[in-house]
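Undergrad: Pasting upload_23.txt below, which is compact mmCIF, C-alpha atoms.
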# COMPACT_ATOMS: atom_id res chain seq x y z
CA MET A 3 39.48 0.71 -40.62
CA GLY A 4 42.75 -0.89 -41.71
CA ILE A 5 43.10 -3.63 -44.29
CA THR A 6 43.66 -6.23 -41.53
CA GLY A 7 40.46 -5.20 -39.71
CA TYR A 8 38.54 -5.26 -42.95
CA PHE A 9 39.59 -8.81 -43.74
CA GLN A 10 38.88 -9.96 -40.17
CA LEU A 11 35.33 -8.58 -40.43
CA GLN A 12 34.81 -10.19 -43.81
CA TRP A 13 36.11 -13.50 -42.45
CA LYS A 14 33.63 -13.44 -39.55
CA CYS A 15 30.77 -12.72 -41.92
CA LEU A 16 31.81 -15.67 -44.06
CA VAL A 17 31.95 -17.93 -40.99
CA VAL A 18 28.42 -16.88 -39.95
CA VAL A 19 27.11 -17.55 -43.45
CA ALA A 20 28.91 -20.89 -43.50
CA LEU A 21 27.35 -21.87 -40.18
CA ARG A 22 23.91 -20.92 -41.38
CA LEU A 23 24.37 -22.92 -44.53
CA LEU A 24 25.81 -25.79 -42.55
CA PHE A 25 22.86 -25.97 -40.21
CA LEU A 26 20.40 -24.70 -42.80
CA VAL A 27 19.36 -21.74 -40.61
CA PRO A 28 18.06 -18.88 -42.78
CA ALA A 29 18.69 -15.37 -41.44
CA GLY A 30 15.99 -14.28 -38.98
CA VAL A 31 14.34 -17.73 -38.95
CA PRO A 32 14.90 -20.55 -36.42
CA ALA A 33 16.30 -23.77 -37.81
CA ARG A 34 13.57 -25.63 -39.62
CA SER A 35 15.31 -27.92 -42.13
CA GLY A 36 15.64 -31.62 -41.56
CA ASP A 37 13.97 -33.27 -38.56
CA SER A 38 12.70 -30.75 -35.98
CA TYR A 39 11.63 -31.43 -32.39
CA LEU A 40 9.65 -28.88 -30.41
CA LYS A 41 10.12 -29.16 -26.66
CA ASP A 42 7.87 -27.68 -23.97
CA ASN A 43 8.19 -24.02 -23.16
CA ILE A 44 10.65 -23.20 -20.41
CA THR A 45 9.25 -20.73 -17.90
CA VAL A 46 11.59 -18.93 -15.53
CA ARG A 47 11.24 -15.99 -13.15
CA GLN A 48 13.17 -12.81 -13.86
CA GLY A 49 16.50 -12.92 -12.05
CA ASP A 50 16.66 -16.71 -11.90
CA SER A 51 18.74 -19.00 -14.15
CA ALA A 52 17.47 -20.96 -17.15
CA VAL A 53 18.97 -24.22 -18.45
CA LEU A 54 18.33 -25.11 -22.10
CA LYS A 55 19.00 -28.79 -22.79
CA CYS A 56 19.80 -30.48 -26.06
CA ASN A 57 20.29 -34.26 -26.41
CA VAL A 58 23.06 -35.53 -28.72
CA ASP A 59 24.78 -38.85 -29.45
CA ASN A 60 28.13 -40.09 -30.78
CA LYS A 61 26.89 -39.69 -34.36
CA VAL A 62 26.83 -35.91 -34.02
CA SER A 63 29.55 -34.22 -36.03
CA ARG A 64 28.62 -30.60 -35.41
CA VAL A 65 26.34 -28.80 -32.94
CA ALA A 66 25.40 -25.20 -32.13
CA TRP A 67 23.00 -23.07 -30.06
CA LEU A 68 21.25 -20.12 -31.64
CA ASN A 69 18.90 -17.41 -30.39
CA ARG A 70 16.87 -15.82 -33.17
CA THR A 71 19.61 -14.58 -35.51
CA THR A 72 22.44 -14.81 -32.98
CA ILE A 73 24.85 -17.76 -32.70
CA LEU A 74 25.57 -18.42 -29.02
CA PHE A 75 27.85 -21.48 -29.19
CA THR A 76 29.30 -23.68 -31.90
CA GLY A 77 30.69 -26.78 -30.29
CA ASN A 78 32.76 -25.60 -27.34
CA GLU A 79 33.46 -22.23 -28.91
CA LYS A 80 31.50 -19.30 -27.50
CA TRP A 81 30.25 -16.73 -29.96
CA SER A 82 27.97 -14.77 -27.65
CA LEU A 83 29.48 -11.72 -25.96
CA ASP A 84 27.00 -12.02 -23.07
CA PRO A 85 28.89 -13.25 -19.97
CA ARG A 86 25.62 -14.61 -18.54
CA VAL A 87 25.43 -17.32 -21.21
CA VAL A 88 27.61 -20.34 -20.38
CA LEU A 89 28.07 -23.85 -21.77
CA LEU A 90 27.45 -26.59 -19.22
CA ASN A 91 29.94 -29.44 -18.87
CA THR A 92 27.37 -32.19 -18.68
CA ALA A 93 27.15 -35.74 -20.03
CA VAL A 94 28.46 -36.56 -23.50
CA THR A 95 24.88 -37.09 -24.61
CA GLU A 96 23.84 -33.59 -23.64
CA TYR A 97 24.75 -30.23 -25.09
CA SER A 98 23.18 -27.63 -22.77
CA ILE A 99 23.59 -23.95 -22.04
CA LYS A 100 22.71 -21.90 -18.99
CA ILE A 101 21.52 -18.28 -18.91
CA LEU A 102 22.23 -16.54 -15.61
CA ASN A 103 20.12 -13.73 -14.13
CA VAL A 104 17.45 -13.98 -16.81
CA ASN A 105 15.72 -10.78 -17.93
CA LEU A 106 12.92 -9.94 -20.34
CA TYR A 107 15.31 -9.51 -23.28
CA ASP A 108 16.21 -13.20 -23.03
CA GLU A 109 12.66 -14.29 -23.81
CA GLY A 110 12.05 -15.92 -27.16
CA PRO A 111 12.95 -18.95 -29.29
CA TYR A 112 16.20 -20.90 -28.95
CA VAL A 113 17.41 -23.54 -31.40
CA CYS A 114 19.88 -26.37 -30.88
CA SER A 115 21.13 -27.32 -34.38
CA ILE A 116 22.77 -30.70 -34.85
CA LEU A 117 24.52 -32.29 -37.87
CA THR A 118 24.50 -36.10 -37.87
CA ASN A 119 25.72 -38.04 -40.90
CA LYS A 120 25.33 -34.88 -42.94
CA LYS A 121 21.68 -34.74 -41.95
CA PRO A 122 20.65 -31.59 -40.03
CA GLU A 123 18.27 -31.75 -37.07
CA SER A 124 17.08 -29.11 -34.64
CA THR A 125 15.50 -28.92 -31.22
CA LYS A 126 13.53 -25.77 -30.47
CA VAL A 127 12.59 -24.36 -27.09
CA HIS A 128 10.81 -21.15 -26.20
CA LEU A 129 11.95 -19.28 -23.10
CA ILE A 130 9.20 -17.45 -21.21
CA VAL A 131 10.24 -14.91 -18.58
CA GLN A 132 7.86 -14.13 -15.75
CA VAL A 133 8.15 -10.87 -13.81
CA PRO A 134 6.91 -10.54 -10.20
CA ALA A 135 4.17 -7.97 -9.68
CA ARG A 136 5.53 -4.64 -8.53
CA ILE A 137 3.90 -1.30 -7.72
CA VAL A 138 5.52 1.44 -9.79
CA ASN A 139 3.31 4.43 -8.94
CA ILE A 140 0.89 5.19 -6.11
CA SER A 141 -0.88 8.23 -4.69
CA THR A 142 0.77 10.14 -1.88
CA ASP A 143 -0.88 10.48 1.53
CA VAL A 144 -4.04 12.60 1.43
CA SER A 145 -5.48 15.12 3.90
CA VAL A 146 -8.92 16.54 2.98
CA ASN A 147 -11.88 18.17 4.66
CA GLU A 148 -15.02 16.15 5.29
CA GLY A 149 -17.33 16.22 2.27
CA SER A 150 -14.53 16.38 -0.31
CA ASN A 151 -14.05 13.96 -3.21
CA VAL A 152 -10.95 11.74 -3.15
CA SER A 153 -9.32 9.65 -5.89
CA LEU A 154 -6.53 7.17 -5.14
CA MET A 155 -4.29 5.59 -7.80
CA CYS A 156 -2.05 2.52 -7.80
CA LEU A 157 -0.18 1.31 -10.91
CA ALA A 158 1.63 -2.04 -11.09
CA ILE A 159 3.61 -4.04 -13.63
CA GLY A 160 4.38 -7.74 -13.97
CA ARG A 161 4.08 -10.81 -16.19
CA PRO A 162 1.52 -12.30 -16.17
CA GLU A 163 -0.59 -9.15 -15.77
CA PRO A 164 -1.02 -8.53 -12.04
CA THR A 165 -4.28 -7.98 -10.19
CA ILE A 166 -4.78 -5.01 -7.87
CA LEU A 167 -6.93 -5.01 -4.73
CA TRP A 168 -7.59 -2.16 -2.30
CA LYS A 169 -7.99 -2.89 1.42
CA PHE A 170 -9.28 -0.33 3.91
CA ARG A 171 -7.89 -0.46 7.44
CA SER A 172 -9.27 1.58 10.32
CA SER A 173 -9.88 1.29 14.07
CA LYS A 174 -13.18 -0.44 13.24
CA GLY A 175 -11.57 -3.27 11.24
CA ASN A 176 -10.26 -4.23 7.79
CA ARG A 177 -12.12 -4.92 4.55
CA ILE A 178 -11.51 -5.20 0.80
CA ILE A 179 -13.26 -2.27 -0.86
CA THR A 180 -12.56 -2.56 -4.60
CA GLU A 181 -10.46 -4.12 -7.37
CA GLY A 182 -8.54 -2.12 -9.95
CA GLU A 183 -6.10 0.74 -10.22
CA TYR A 184 -8.35 3.48 -8.84
CA VAL A 185 -10.47 4.17 -5.76
CA GLU A 186 -13.07 6.93 -6.09
CA MET A 187 -14.70 8.38 -2.95
CA THR A 188 -17.43 11.01 -3.19
CA GLY A 189 -18.40 13.15 -0.20
CA ILE A 190 -15.87 11.53 2.11
CA THR A 191 -16.78 11.24 5.80
CA LYS A 192 -14.66 10.96 8.93
CA ASP A 193 -15.49 7.24 9.08
CA MET A 194 -13.55 6.81 5.82
CA SER A 195 -10.34 8.10 7.37
CA GLY A 196 -7.64 5.44 7.68
CA SER A 197 -5.09 3.37 5.75
CA TYR A 198 -5.73 2.21 2.18
CA ASP A 199 -3.51 -0.72 1.16
CA CYS A 200 -2.82 -1.33 -2.53
CA ILE A 201 -2.10 -5.05 -2.95
CA THR A 202 -0.80 -6.36 -6.28
CA SER A 203 -0.01 -9.97 -7.15
CA ASN A 204 0.41 -12.34 -10.08
CA ASP A 205 1.31 -15.48 -8.05
CA ILE A 206 4.97 -15.27 -9.12
CA SER A 207 6.15 -13.95 -5.76
CA PRO A 208 4.59 -12.64 -2.53
CA PRO A 209 2.24 -9.67 -3.11
CA ASP A 210 3.66 -6.17 -3.27
CA VAL A 211 1.84 -3.91 -0.79
CA ARG A 212 1.98 -0.15 -0.37
CA THR A 213 -0.21 2.12 1.72
CA VAL A 214 -1.88 5.49 1.28
CA GLN A 215 -2.92 7.26 4.47
CA VAL A 216 -6.16 9.23 4.14
CA THR A 217 -6.85 11.85 6.81
CA VAL A 218 -10.31 13.41 6.94
CA ASN A 219 -10.49 16.76 8.73
CA TYR A 220 -13.73 17.67 10.52
CA PRO A 221 -14.94 20.18 13.15
CA PRO A 222 -15.16 19.23 16.84
CA VAL A 223 -17.98 17.06 18.13
CA ILE A 224 -18.28 16.81 21.91
CA SER A 225 -18.88 13.15 22.57
CA ARG A 226 -18.86 13.15 26.39
CA ALA A 227 -19.39 15.84 29.01
CA ARG A 228 -19.79 14.82 32.64
CA SER A 229 -21.15 16.91 35.49
CA THR A 230 -19.86 16.23 39.00
CA GLY A 231 -21.27 16.45 42.51
CA THR A 232 -18.68 17.43 45.10
CA ALA A 233 -18.95 18.56 48.73
CA VAL A 234 -17.42 21.84 49.95
CA GLY A 235 -13.75 21.44 50.76
CA GLN A 236 -13.33 18.41 48.51
CA LYS A 237 -11.63 17.97 45.12
CA GLY A 238 -13.94 18.23 42.12
CA VAL A 239 -13.32 17.46 38.45
CA LEU A 240 -15.35 18.43 35.38
CA TRP A 241 -14.53 16.36 32.32
CA CYS A 242 -15.06 17.05 28.57
CA GLU A 243 -14.17 15.00 25.48
CA ALA A 244 -14.33 16.10 21.84
CA SER A 245 -13.51 14.26 18.61
CA ALA A 246 -11.94 16.43 15.90
CA VAL A 247 -9.26 16.48 13.19
CA PRO A 248 -7.10 18.44 13.72
CA LEU A 249 -7.36 17.93 17.48
CA ALA A 250 -9.55 20.46 19.24
CA ASP A 251 -8.29 23.24 21.49
CA PHE A 252 -10.27 23.58 24.73
CA GLN A 253 -11.39 26.56 26.77
CA TRP A 254 -13.46 26.67 29.96
CA TYR A 255 -15.92 29.40 30.95
CA LYS A 256 -18.13 30.20 33.92
CA GLY A 257 -20.77 32.53 32.61
CA GLU A 258 -18.96 35.03 30.43
CA ARG A 259 -15.67 34.68 32.30
CA ARG A 260 -12.97 32.52 30.84
CA LEU A 261 -11.09 30.39 33.34
CA LEU A 262 -7.30 30.34 33.22
CA ASN A 263 -5.08 27.51 34.34
CA GLY A 264 -3.61 28.01 37.80
CA PHE A 265 -5.87 30.93 38.77
CA ASN A 266 -8.53 30.88 41.55
CA GLY A 267 -7.56 27.39 42.63
CA VAL A 268 -8.39 25.61 39.35
CA LYS A 269 -6.28 23.52 37.00
CA ILE A 270 -7.01 22.98 33.29
CA GLU A 271 -5.42 19.90 31.77
CA ASN A 272 -5.76 19.01 28.08
CA LYS A 273 -4.68 15.58 26.84
CA GLY A 274 -5.48 14.66 23.24
CA LYS A 275 -9.22 14.82 22.83
CA GLN A 276 -9.93 15.23 26.55
CA SER A 277 -9.98 18.26 28.83
CA MET A 278 -10.35 18.32 32.63
CA LEU A 279 -11.19 21.25 34.90
CA THR A 280 -10.04 20.47 38.44
CA PHE A 281 -11.06 22.27 41.66
CA PHE A 282 -8.65 21.40 44.47
CA ASN A 283 -10.82 22.88 47.28
CA VAL A 284 -14.45 23.32 46.24
CA SER A 285 -16.30 26.30 47.76
CA GLU A 286 -19.94 27.41 47.58
CA GLU A 287 -18.92 30.00 44.99
CA ASP A 288 -17.60 27.24 42.70
CA TYR A 289 -21.02 25.60 42.29
CA GLY A 290 -22.83 26.37 39.07
CA ASN A 291 -22.80 25.98 35.32
CA TYR A 292 -19.56 25.76 33.34
CA THR A 293 -19.08 25.73 29.56
CA CYS A 294 -16.54 23.53 27.78
CA VAL A 295 -15.63 25.03 24.40
CA ALA A 296 -13.88 22.88 21.76
CA MET A 297 -12.54 24.45 18.56
CA ASN A 298 -10.27 23.86 15.58
CA THR A 299 -9.75 25.50 12.18
CA LEU A 300 -12.99 23.98 10.86
CA GLY A 301 -15.43 24.89 13.60
CA ILE A 302 -16.39 25.37 17.23
CA THR A 303 -18.84 23.71 19.63
CA ASN A 304 -19.59 23.75 23.34
CA ALA A 305 -21.28 21.81 26.12
CA SER A 306 -22.70 22.90 29.45
CA ILE A 307 -21.40 21.04 32.52
CA ILE A 308 -22.43 21.57 36.14
CA LEU A 309 -20.49 21.38 39.37
CA TYR A 310 -23.08 20.78 42.08
CA GLY A 311 -23.15 20.04 45.78
CA PRO A 312 -24.65 17.13 47.74
CA GLY A 313 -28.45 16.92 47.49
CA ALA A 314 -28.74 18.78 44.17
CA ILE A 315 -31.44 17.49 41.77
CA HIS A 316 -30.55 16.68 38.12
CA ASP A 317 -32.88 17.43 35.22
CA VAL A 318 -33.16 15.24 32.09
CA ASN A 319 -30.44 17.24 30.38
CA ASN A 320 -27.92 16.32 33.08
CA ALA A 321 -28.16 19.83 34.57
CA ALA A 322 -28.18 20.36 38.31
CA LEU A 323 -30.36 22.58 40.46
CA SER A 324 -29.39 23.79 43.92
CA PRO A 325 -31.66 22.69 46.86
CA THR A 326 -32.93 26.29 47.27
CA CYS A 327 -33.90 26.57 43.59
CA SER A 328 -35.60 23.19 43.58
CA PHE A 329 -37.68 24.18 46.68
CA LEU A 330 -38.82 27.42 45.02
CA LEU A 331 -39.69 25.55 41.83
CA LEU A 332 -41.76 23.01 43.81
CA THR A 333 -43.63 25.82 45.66
CA LEU A 334 -44.41 27.55 42.35
CA VAL A 335 -45.82 24.35 40.83
CA LEU A 336 -48.07 23.70 43.89
CA THR A 337 -49.38 27.31 43.87
CA ILE A 338 -50.32 27.11 40.18
CA SER A 339 -52.08 23.78 40.79
CA VAL A 340 -54.20 25.17 43.65
CA LEU A 341 -55.19 28.33 41.76
CA SER A 342 -56.35 26.28 38.77
CA LYS A 343 -59.12 24.70 40.89
CA PHE A 344 -60.93 28.01 41.46
Mind converting the file's structure to structure tokens?
TA:
Amino acid sequence: MGITGYFQLQWKCLVVVALRLLFLVPAGVPARSGDSYLKDNITVRQGDSAVLKCNVDNKVSRVAWLNRTTILFTGNEKWSLDPRVVLLNTAVTEYSIKILNVNLYDEGPYVCSILTNKKPESTKVHLIVQVPARIVNISTDVSVNEGSNVSLMCLAIGRPEPTILWKFRSSKGNRIITEGEYVEMTGITKDMSGSYDCITSNDISPPDVRTVQVTVNYPPVISRARSTGTAVGQKGVLWCEASAVPLADFQWYKGERRLLNGFNGVKIENKGKQSMLTFFNVSEEDYGNYTCVAMNTLGITNASIILYGPGAIHDVNNAALSPTCSFLLLTLVLTISVLSKF
């Protein structure tokens, strides 16, 4: 440092000391000497602007704005290096500053020091910065097998301290399930699969919402299987539906023989959780019991479905018996009944 720079630095230090002595502002302490007026706290949202007002009159000889140990303005001269802090050109009875794009570092005490007739006065305000609630960390989407334990996390920041709610959304409706940063699920079931919304708010701005998708994998369950009665020469369709995650693969069998799409006049069509076996021209040989098999990586299940002709009799299990079989069964029952009388 040259001699000129040294003297410039020393001169600035002397000016700061002189200002502190002038306004009786000890280092590190807001102005307290003379008459002091404490105004209400000023609350502003992060990113907005804050206006700090100070009333003066024509008896004022010197005036300054200070923040903690930093001099912001003395009269019309700016001391702060922060371009966000500006002096407002307001009425002659007002000496106000404006802080643009307020952040958390701006929070704290501010002092307007005034010298009137060699008597120091000060007006103190405290700037409070509020921060909208914001989610800063959340669990990623989850895919687990049924019966597993699942823990979801959602962390949020804000001032005042934000609240966190979890909402569960599924095809059956929406509901709030818990409050707090964590959701713990033990022995998860397929009914708990869906969207979990983390909602955080502190009433400073609209809530911040983020979603975790929970997928529960489970083996196939055949929910519907429909037998069909169709006359010879007509079109017949056997229909099978299975719920599963991942989606089930379907196969069709007659006895031990697997049916293939496009062979022997049949068509197999799989759409999502449904499978259809179509006969374009039903023959006597097509009548009988068919098996719909649904499988995925977690398991396999099957259902028996019958293609029957006109006049066939159904049992309680939705099976079908041909007219010939039902006649033989009826004859057998009558014979047993007659023999039991002797």
Undergrad: Between atom CA of Ile140 of chain A and atom CA of Thr217 of chain A, measure the distance and give it in Å to one decimal.
TA: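 The value is 16.5 Å.
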Undergrad: Skip Glu287 of chain A itself and residues of its chain fewer than 6 positions away, then list as a count of residues only all residues within 12 Å of it, counting all atoms listed in the file.
TA: 9
Undergrad: Distance atom CA of Asp210 of chain A-atom CA of Ile190 of chain A, one decimal place?
TA: 26.9 Å
Undergrad: Measuring between only C-alpha atoms, which one of A:Trp241, A:Tyr292, A:Tyr97, A:Tyr220 shows the shortest distance to Trp254 of chain A?
TA: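 Closest to Trp254 of chain A of all the choices is A:Tyr292.
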Undergrad: Quick one: residues within 8 Å of (18.7, -22.5, -32.9) (file frame), counting only C-alpha atoms, please, as a PyMOL selection string.
TA: chain A and resi 27+32-33+66-70+73+111-115+124-126
Undergrad: Rounded to one decimal in Å, what is the spacing between atom CA of Ile99 of chain A and atom CA of Gly160 of chain A?
TA: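 Atom-to-atom, atom CA of Ile99 of chain A to atom CA of Gly160 of chain A, that is 26.4 Å.
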Undergrad: I'd like to know which of A:Val214, A:Leu106, A:Val247, A:Leu154 is closest to Val46 of chain A, using all atoms listed in the file.
TA: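 Comparing A:Val214, A:Leu106, A:Val247, A:Leu154 against Val46 of chain A, the winner is A:Leu106.
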Undergrad: Work out where the centre of an axis-aligned box around every listed atom of segment 67-77 of chain A lies and how long its edges are once 5 Å is added on each side; give both in Å to one decimal as lines of an AutoDock Vina configuration file.
TA:
center_x = 23.8
center_y = -20.7
center_z = -32.3
size_x = 23.8
size_y = 22.2
size_z = 16.5
Undergrad: Closest to Tyr198 of chain A among A:Leu89, A:Gly175, A:Arg212, A:Phe170, using all atoms listed in the file?
TA: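 For Tyr198 of chain A, the nearest of the candidates is A:Phe170.
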Undergrad: Can you list, as a count of residues only, every protein, DNA or RNA residue that comes within 12 Å of segment 75-88 of chain A when you count all atoms listed in the file, leaving out same-chain residues fewer than 3 positions away?
TA: 45
Undergrad: Skip segment 301-307 of chain A itself and residues of its chain fewer than 3 positions away, then list as number ranges by chain all residues within 10 Å of it, counting only C-alpha atoms.
TA: A: 220-230, 240-244, 246, 250-256, 290-298, 310, 319-322
